[in-house]
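Have a look at the structure below, then the notes.
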Amino acid sequence: MDAFIKITEQPSAYRHLEKMPVAEILTHINNEDKTVPFVIEKVIPEIEKLILAAVDKMLAGGRLFYIGAGTSGRLAIVDASECPPTYGIAPNRVIGIIAGGEKAMTQPVEFAEDSLTQGWEDLQRDHVNDKDIVIGIAASGTTPYVIAALKKCRENGIITGCITNNPGSPLTKEADYPIALAVGPEFVTGSTRMKSGTSQKLVLNMISTAIMIRLGRVEDNKMVNMQLSNQKLLDRGVKMLMDNLPGIDYAEARALLVKYGSVKKAMRSAGGAHKGD
């Protein structure tokens, strides 16, 4: 491991950032960010394999776990926490875990990412088992908390995946389905919340969205199972019903939606069908 060279820790291609005008700083950051989607494009086959494995597990009743530290852990929590309101899936089906626990979402927890045992202990709190799939996320690919957790998963017959920004890193060795996003050195040397974090977020979007579509949580291109937790979402749901139930007005659609609690249930109860069905 000592000989492993982290791309994410290599010096920035830009010097004397403190002397740059703001417009120049923004232009350089934007130019670096533009490279990220092209990196992801190259590993779409690997992302697909991980998604298909996760879908198989979840269709059989298993769960999807994300586990990470620092920025990677925060992104894990964000993606997992957005699945229930967006797709109406039970909160315990997609679970995000961060080193240091809830406190680490807003402030650093010293040495939390260095533990070789805590990651597995955190997974066991949710009774992780071989019906599940666990994805470790670490820009460096060397985070002990994440690597050790995936190692224990594999020892217990649990399928693993990973998202890292260093190809060939130790983390990839513990993943059945590794995804390596070589976005290169950061604009600010070592600041992996930038391009590395952006790439992780984009891939997490791809993973959770594709899984939810395959699980039947989307119909046509609509979030028909979303939780109606605010006026914006209620209004969106009403318009979905109006689009799919010819002749219904806003008040009628709203009444149906409030009664049945989801677009999907309201459409089924009204005997409606999607356009084009």
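For the structure tokens, the naming scheme is as follows: chains receive sequential letters (A, B, ...) according to their order of presentation, residues are indexed from 1 within each chain, and ligands are indexed from 1 in presentation order.
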Do you have, as JSON lines, the list of residues of range 26-109 of chain A lying at most 9 Å from range 194-215 of chain A, each with its nearest atom pair and that distance in Å to one decimal, counting only C-alpha atoms and ordered by chain then number?
```
{"residue": "A:Ile29", "atom": "CA", "partner": "A:Met194", "partner_atom": "CA", "distance": 8.8}
{"residue": "A:Glu32", "atom": "CA", "partner": "A:Lys195", "partner_atom": "CA", "distance": 7.3}
{"residue": "A:Asp33", "atom": "CA", "partner": "A:Lys195", "partner_atom": "CA", "distance": 6.0}
{"residue": "A:Thr35", "atom": "CA", "partner": "A:Lys195", "partner_atom": "CA", "distance": 8.7}
{"residue": "A:Val36", "atom": "CA", "partner": "A:Ser199", "partner_atom": "CA", "distance": 6.1}
{"residue": "A:Pro37", "atom": "CA", "partner": "A:Ser199", "partner_atom": "CA", "distance": 7.5}
{"residue": "A:Val39", "atom": "CA", "partner": "A:Ser199", "partner_atom": "CA", "distance": 8.4}
{"residue": "A:Ile40", "atom": "CA", "partner": "A:Ser199", "partner_atom": "CA", "distance": 7.2}
{"residue": "A:Ile47", "atom": "CA", "partner": "A:Ile207", "partner_atom": "CA", "distance": 7.4}
{"residue": "A:Glu48", "atom": "CA", "partner": "A:Ile207", "partner_atom": "CA", "distance": 8.3}
{"residue": "A:Leu50", "atom": "CA", "partner": "A:Ile207", "partner_atom": "CA", "distance": 8.1}
{"residue": "A:Ile51", "atom": "CA", "partner": "A:Ile207", "partner_atom": "CA", "distance": 6.0}
{"residue": "A:Leu52", "atom": "CA", "partner": "A:Ile211", "partner_atom": "CA", "distance": 8.0}
{"residue": "A:Ala54", "atom": "CA", "partner": "A:Ile211", "partner_atom": "CA", "distance": 7.4}
{"residue": "A:Val55", "atom": "CA", "partner": "A:Ile211", "partner_atom": "CA", "distance": 5.8}
{"residue": "A:Met58", "atom": "CA", "partner": "A:Leu215", "partner_atom": "CA", "distance": 8.0}
{"residue": "A:Leu59", "atom": "CA", "partner": "A:Leu215", "partner_atom": "CA", "distance": 6.9}
{"residue": "A:Thr71", "atom": "CA", "partner": "A:Gly197", "partner_atom": "CA", "distance": 6.8}
{"residue": "A:Ser72", "atom": "CA", "partner": "A:Gly197", "partner_atom": "CA", "distance": 6.9}
{"residue": "A:Leu75", "atom": "CA", "partner": "A:Lys201", "partner_atom": "CA", "distance": 6.5}
{"residue": "A:Ala76", "atom": "CA", "partner": "A:Leu204", "partner_atom": "CA", "distance": 7.9}
{"residue": "A:Asp79", "atom": "CA", "partner": "A:Leu204", "partner_atom": "CA", "distance": 6.7}
{"residue": "A:Ala80", "atom": "CA", "partner": "A:Ser208", "partner_atom": "CA", "distance": 8.1}
{"residue": "A:Cys83", "atom": "CA", "partner": "A:Ser208", "partner_atom": "CA", "distance": 7.5}
{"residue": "A:Tyr87", "atom": "CA", "partner": "A:Met212", "partner_atom": "CA", "distance": 7.0}
{"residue": "A:Ile89", "atom": "CA", "partner": "A:Met212", "partner_atom": "CA", "distance": 8.6}
{"residue": "A:Val94", "atom": "CA", "partner": "A:Ser208", "partner_atom": "CA", "distance": 8.8}
```
Prev. selection, C-alpha atoms, output as a tab-separated table (two decimals), in the first residue's frame:
```tsv
chain	number	residue	atom	x	y	z
A	29	ILE	CA	-13.02	25.23	-11.82
A	32	GLU	CA	-12.11	21.01	-14.64
A	33	ASP	CA	-15.73	20.11	-13.87
A	35	THR	CA	-14.10	16.74	-17.72
A	36	VAL	CA	-16.05	14.69	-15.16
A	37	PRO	CA	-18.90	13.36	-17.36
A	39	VAL	CA	-14.61	10.11	-17.24
A	40	ILE	CA	-17.92	8.58	-16.16
A	47	ILE	CA	-21.72	0.95	-13.46
A	48	GLU	CA	-24.27	-1.17	-15.34
A	50	LEU	CA	-23.15	-3.01	-10.33
A	51	ILE	CA	-26.70	-1.78	-10.92
A	52	LEU	CA	-27.85	-5.13	-12.31
A	54	ALA	CA	-28.16	-4.48	-6.95
A	55	VAL	CA	-31.48	-4.85	-8.76
A	58	MET	CA	-33.43	-5.81	-4.15
A	59	LEU	CA	-36.02	-7.68	-6.23
A	71	THR	CA	-17.53	13.87	1.73
A	72	SER	CA	-18.08	10.36	0.37
A	75	LEU	CA	-22.97	11.88	-0.43
A	76	ALA	CA	-23.96	8.35	0.58
A	79	ASP	CA	-28.50	9.69	-2.03
A	80	ALA	CA	-30.03	7.14	0.33
A	83	CYS	CA	-34.96	7.59	-2.33
A	87	TYR	CA	-39.76	7.01	-5.18
A	89	ILE	CA	-39.69	3.18	-1.25
A	94	VAL	CA	-31.58	2.05	0.76
```
Considering only C-alpha atoms, tabulate each residue of range 22-114 of chain A that lies at most 8 Å from range 123-140 of chain A along with its nearest interatomic pair and the corresponding distance in Å to one decimal; arrange the rows by chain and ascending residue number and present them as a tab-separated table.
```
residue	atom	partner	partner_atom	distance
A:Ala54	CA	A:Ile133	CA	6.2
A:Lys57	CA	A:Asp132	CA	6.1
A:Met58	CA	A:Asp132	CA	7.4
A:Ala60	CA	A:Lys131	CA	7.7
A:Gly61	CA	A:Lys131	CA	7.3
A:Gly62	CA	A:Asp132	CA	4.6
A:Arg63	CA	A:Asp132	CA	4.7
A:Leu64	CA	A:Ile133	CA	5.2
A:Phe65	CA	A:Val134	CA	4.6
A:Tyr66	CA	A:Ile135	CA	4.8
A:Ile67	CA	A:Gly136	CA	4.9
A:Gly68	CA	A:Ile137	CA	4.9
A:Ala69	CA	A:Ala138	CA	7.0
A:Ser72	CA	A:Ile137	CA	5.7
A:Gly73	CA	A:Ile137	CA	7.1
A:Ala76	CA	A:Ile137	CA	7.7
A:Ile97	CA	A:Leu123	CA	7.7
```
Discussion item. Set the distance at 6 Å and use only C-alpha atoms: which residues neighbour range 12-17 of chain A once local chain neighbours fewer than 5 positions away are removed? I'd like the list as a list in words.
Written reply: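 With the cut-off at 6 Å, the set is Pro185, Glu186, Phe187 and Thr189 of chain A.
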Worksheet, complete the sentence: Among A:Ala253, A:Met242, A:Leu234, A:Leu228, Pro85 in chain A is approached most closely, using only C-alpha atoms, by A:Leu228
Discussion item. Could you pull out the alpha helix (DSSP H) residues of range 5-106 of chain A, going by DSSP on the backbone, and write them as a PyMOL selection string?
Written reply: chain A and resi 22-34+36-42+44-59+70-87
Just-selected residues, N, CA and C atoms written as a compact mmCIF listing (two decimals), in the first residue's frame:
```txt
# COMPACT_ATOMS: atom_id res chain seq x y z
N VAL A 22 -11.30 36.42 -9.37
CA VAL A 22 -12.39 35.48 -9.14
C VAL A 22 -12.88 34.87 -10.45
N ALA A 23 -13.01 35.68 -11.49
CA ALA A 23 -13.49 35.17 -12.77
C ALA A 23 -12.58 34.06 -13.30
N GLU A 24 -11.28 34.21 -13.09
CA GLU A 24 -10.34 33.19 -13.55
C GLU A 24 -10.47 31.92 -12.71
N ILE A 25 -10.63 32.08 -11.40
CA ILE A 25 -10.85 30.91 -10.53
C ILE A 25 -12.07 30.12 -11.00
N LEU A 26 -13.16 30.84 -11.24
CA LEU A 26 -14.40 30.18 -11.65
C LEU A 26 -14.26 29.49 -13.00
N THR A 27 -13.57 30.13 -13.92
CA THR A 27 -13.38 29.54 -15.24
C THR A 27 -12.58 28.26 -15.17
N HIS A 28 -11.52 28.27 -14.36
CA HIS A 28 -10.69 27.07 -14.23
C HIS A 28 -11.46 25.94 -13.55
N ILE A 29 -12.22 26.26 -12.49
CA ILE A 29 -13.02 25.23 -11.82
C ILE A 29 -14.03 24.64 -12.79
N ASN A 30 -14.69 25.51 -13.53
CA ASN A 30 -15.68 25.06 -14.51
C ASN A 30 -15.06 24.17 -15.58
N ASN A 31 -13.88 24.54 -16.05
CA ASN A 31 -13.19 23.73 -17.06
C ASN A 31 -12.83 22.35 -16.51
N GLU A 32 -12.41 22.30 -15.26
CA GLU A 32 -12.11 21.01 -14.64
C GLU A 32 -13.38 20.17 -14.49
N ASP A 33 -14.47 20.82 -14.06
CA ASP A 33 -15.73 20.11 -13.87
C ASP A 33 -16.26 19.52 -15.17
N LYS A 34 -15.99 20.19 -16.27
CA LYS A 34 -16.47 19.71 -17.57
C LYS A 34 -15.89 18.35 -17.94
N VAL A 36 -15.52 15.79 -15.99
CA VAL A 36 -16.05 14.69 -15.16
C VAL A 36 -17.00 13.77 -15.93
N PRO A 37 -17.99 14.28 -16.66
CA PRO A 37 -18.90 13.36 -17.36
C PRO A 37 -18.20 12.45 -18.37
N PHE A 38 -17.12 12.92 -18.97
CA PHE A 38 -16.40 12.10 -19.94
C PHE A 38 -15.67 10.94 -19.24
N VAL A 39 -15.22 11.18 -18.02
CA VAL A 39 -14.61 10.11 -17.24
C VAL A 39 -15.65 9.05 -16.91
N ILE A 40 -16.84 9.50 -16.50
CA ILE A 40 -17.92 8.58 -16.16
C ILE A 40 -18.35 7.77 -17.37
N GLU A 41 -18.41 8.41 -18.52
CA GLU A 41 -18.82 7.74 -19.75
C GLU A 41 -17.99 6.49 -20.02
N LYS A 42 -16.71 6.55 -19.69
CA LYS A 42 -15.80 5.43 -19.96
C LYS A 42 -16.09 4.21 -19.09
N ILE A 44 -19.26 3.36 -17.86
CA ILE A 44 -20.69 3.00 -17.83
C ILE A 44 -20.89 1.47 -17.80
N PRO A 45 -20.10 0.68 -18.54
CA PRO A 45 -20.28 -0.78 -18.44
C PRO A 45 -20.10 -1.31 -17.02
N GLU A 46 -19.14 -0.75 -16.28
CA GLU A 46 -18.92 -1.18 -14.90
C GLU A 46 -20.08 -0.74 -14.00
N ILE A 47 -20.58 0.45 -14.24
CA ILE A 47 -21.72 0.95 -13.46
C ILE A 47 -22.94 0.07 -13.72
N GLU A 48 -23.14 -0.31 -14.98
CA GLU A 48 -24.27 -1.17 -15.34
C GLU A 48 -24.21 -2.50 -14.60
N LYS A 49 -23.04 -3.11 -14.54
CA LYS A 49 -22.89 -4.40 -13.86
C LYS A 49 -23.28 -4.28 -12.38
N LEU A 50 -22.82 -3.21 -11.73
CA LEU A 50 -23.15 -3.01 -10.33
C LEU A 50 -24.65 -2.81 -10.14
N ILE A 51 -25.27 -2.03 -11.01
CA ILE A 51 -26.70 -1.78 -10.92
C ILE A 51 -27.50 -3.07 -11.10
N LEU A 52 -27.14 -3.87 -12.08
CA LEU A 52 -27.85 -5.13 -12.31
C LEU A 52 -27.74 -6.07 -11.11
N ALA A 53 -26.57 -6.10 -10.50
CA ALA A 53 -26.40 -6.93 -9.30
C ALA A 53 -27.27 -6.41 -8.15
N ALA A 54 -27.34 -5.08 -8.01
CA ALA A 54 -28.16 -4.48 -6.95
C ALA A 54 -29.64 -4.72 -7.19
N VAL A 55 -30.08 -4.61 -8.44
CA VAL A 55 -31.48 -4.85 -8.76
C VAL A 55 -31.88 -6.28 -8.42
N ASP A 56 -31.02 -7.23 -8.77
CA ASP A 56 -31.30 -8.64 -8.45
C ASP A 56 -31.48 -8.84 -6.95
N LYS A 57 -30.60 -8.23 -6.17
CA LYS A 57 -30.69 -8.37 -4.72
C LYS A 57 -31.97 -7.72 -4.18
N MET A 58 -32.28 -6.54 -4.69
CA MET A 58 -33.43 -5.81 -4.15
C MET A 58 -34.75 -6.44 -4.60
N LEU A 59 -34.81 -6.98 -5.79
CA LEU A 59 -36.02 -7.68 -6.23
C LEU A 59 -36.29 -8.92 -5.38
N GLY A 70 -16.32 11.11 5.47
CA GLY A 70 -16.14 12.47 4.98
C GLY A 70 -17.14 12.81 3.88
N THR A 71 -16.65 13.49 2.84
CA THR A 71 -17.53 13.87 1.73
C THR A 71 -18.22 12.66 1.12
N SER A 72 -17.50 11.57 0.96
CA SER A 72 -18.08 10.36 0.37
C SER A 72 -19.23 9.83 1.22
N GLY A 73 -19.05 9.86 2.53
CA GLY A 73 -20.10 9.42 3.43
C GLY A 73 -21.32 10.33 3.38
N ARG A 74 -21.06 11.64 3.29
CA ARG A 74 -22.18 12.59 3.21
C ARG A 74 -22.97 12.39 1.93
N LEU A 75 -22.28 12.14 0.83
CA LEU A 75 -22.97 11.88 -0.43
C LEU A 75 -23.78 10.59 -0.34
N ALA A 76 -23.24 9.60 0.37
CA ALA A 76 -23.96 8.35 0.58
C ALA A 76 -25.28 8.59 1.31
N ILE A 77 -25.22 9.38 2.37
CA ILE A 77 -26.41 9.69 3.16
C ILE A 77 -27.43 10.45 2.31
N VAL A 78 -26.95 11.43 1.55
CA VAL A 78 -27.85 12.24 0.72
C VAL A 78 -28.59 11.36 -0.28
N ASP A 79 -27.85 10.51 -1.01
CA ASP A 79 -28.50 9.69 -2.03
C ASP A 79 -29.51 8.73 -1.42
N ALA A 80 -29.12 8.09 -0.33
CA ALA A 80 -30.03 7.14 0.33
C ALA A 80 -31.27 7.84 0.86
N SER A 81 -31.08 9.01 1.46
CA SER A 81 -32.21 9.70 2.10
C SER A 81 -33.20 10.26 1.10
N GLU A 82 -32.77 10.44 -0.16
CA GLU A 82 -33.67 10.99 -1.17
C GLU A 82 -34.53 9.92 -1.85
N CYS A 83 -34.20 8.65 -1.66
CA CYS A 83 -34.96 7.59 -2.33
C CYS A 83 -36.40 7.46 -1.80
N PRO A 84 -36.64 7.47 -0.48
CA PRO A 84 -38.03 7.35 -0.02
C PRO A 84 -38.95 8.48 -0.49
N PRO A 85 -38.58 9.76 -0.34
CA PRO A 85 -39.51 10.79 -0.80
C PRO A 85 -39.68 10.84 -2.32
N THR A 86 -38.63 10.51 -3.04
CA THR A 86 -38.69 10.59 -4.50
C THR A 86 -39.44 9.41 -5.11
N TYR A 87 -39.22 8.22 -4.56
CA TYR A 87 -39.76 7.01 -5.18
C TYR A 87 -40.73 6.24 -4.29
```
Worksheet item: So which bits of range 24-195 of chain A end up strand (DSSP E) when you DSSP the backbone, as a VMD selection string?
Response: chain A and resid 64 to 68 94 to 98 133 to 138 159 to 164 177 to 180
Fill in: Top pick for closest residue to Gly190 in chain A, considering A:Thr160, A:Asn221, A:Asn165, A:Gln118 and counting only C-alpha atoms
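Closest residue, counting only C-alpha atoms: A:Asn165.
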Item to complete: State, in Å with one decimal place, the distance from CA of Ala149 in chain A to CA of Glu121 in chain A.
Response: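 We find that CA of Ala149 in chain A and CA of Glu121 in chain A lie 8.3 Å from each other.
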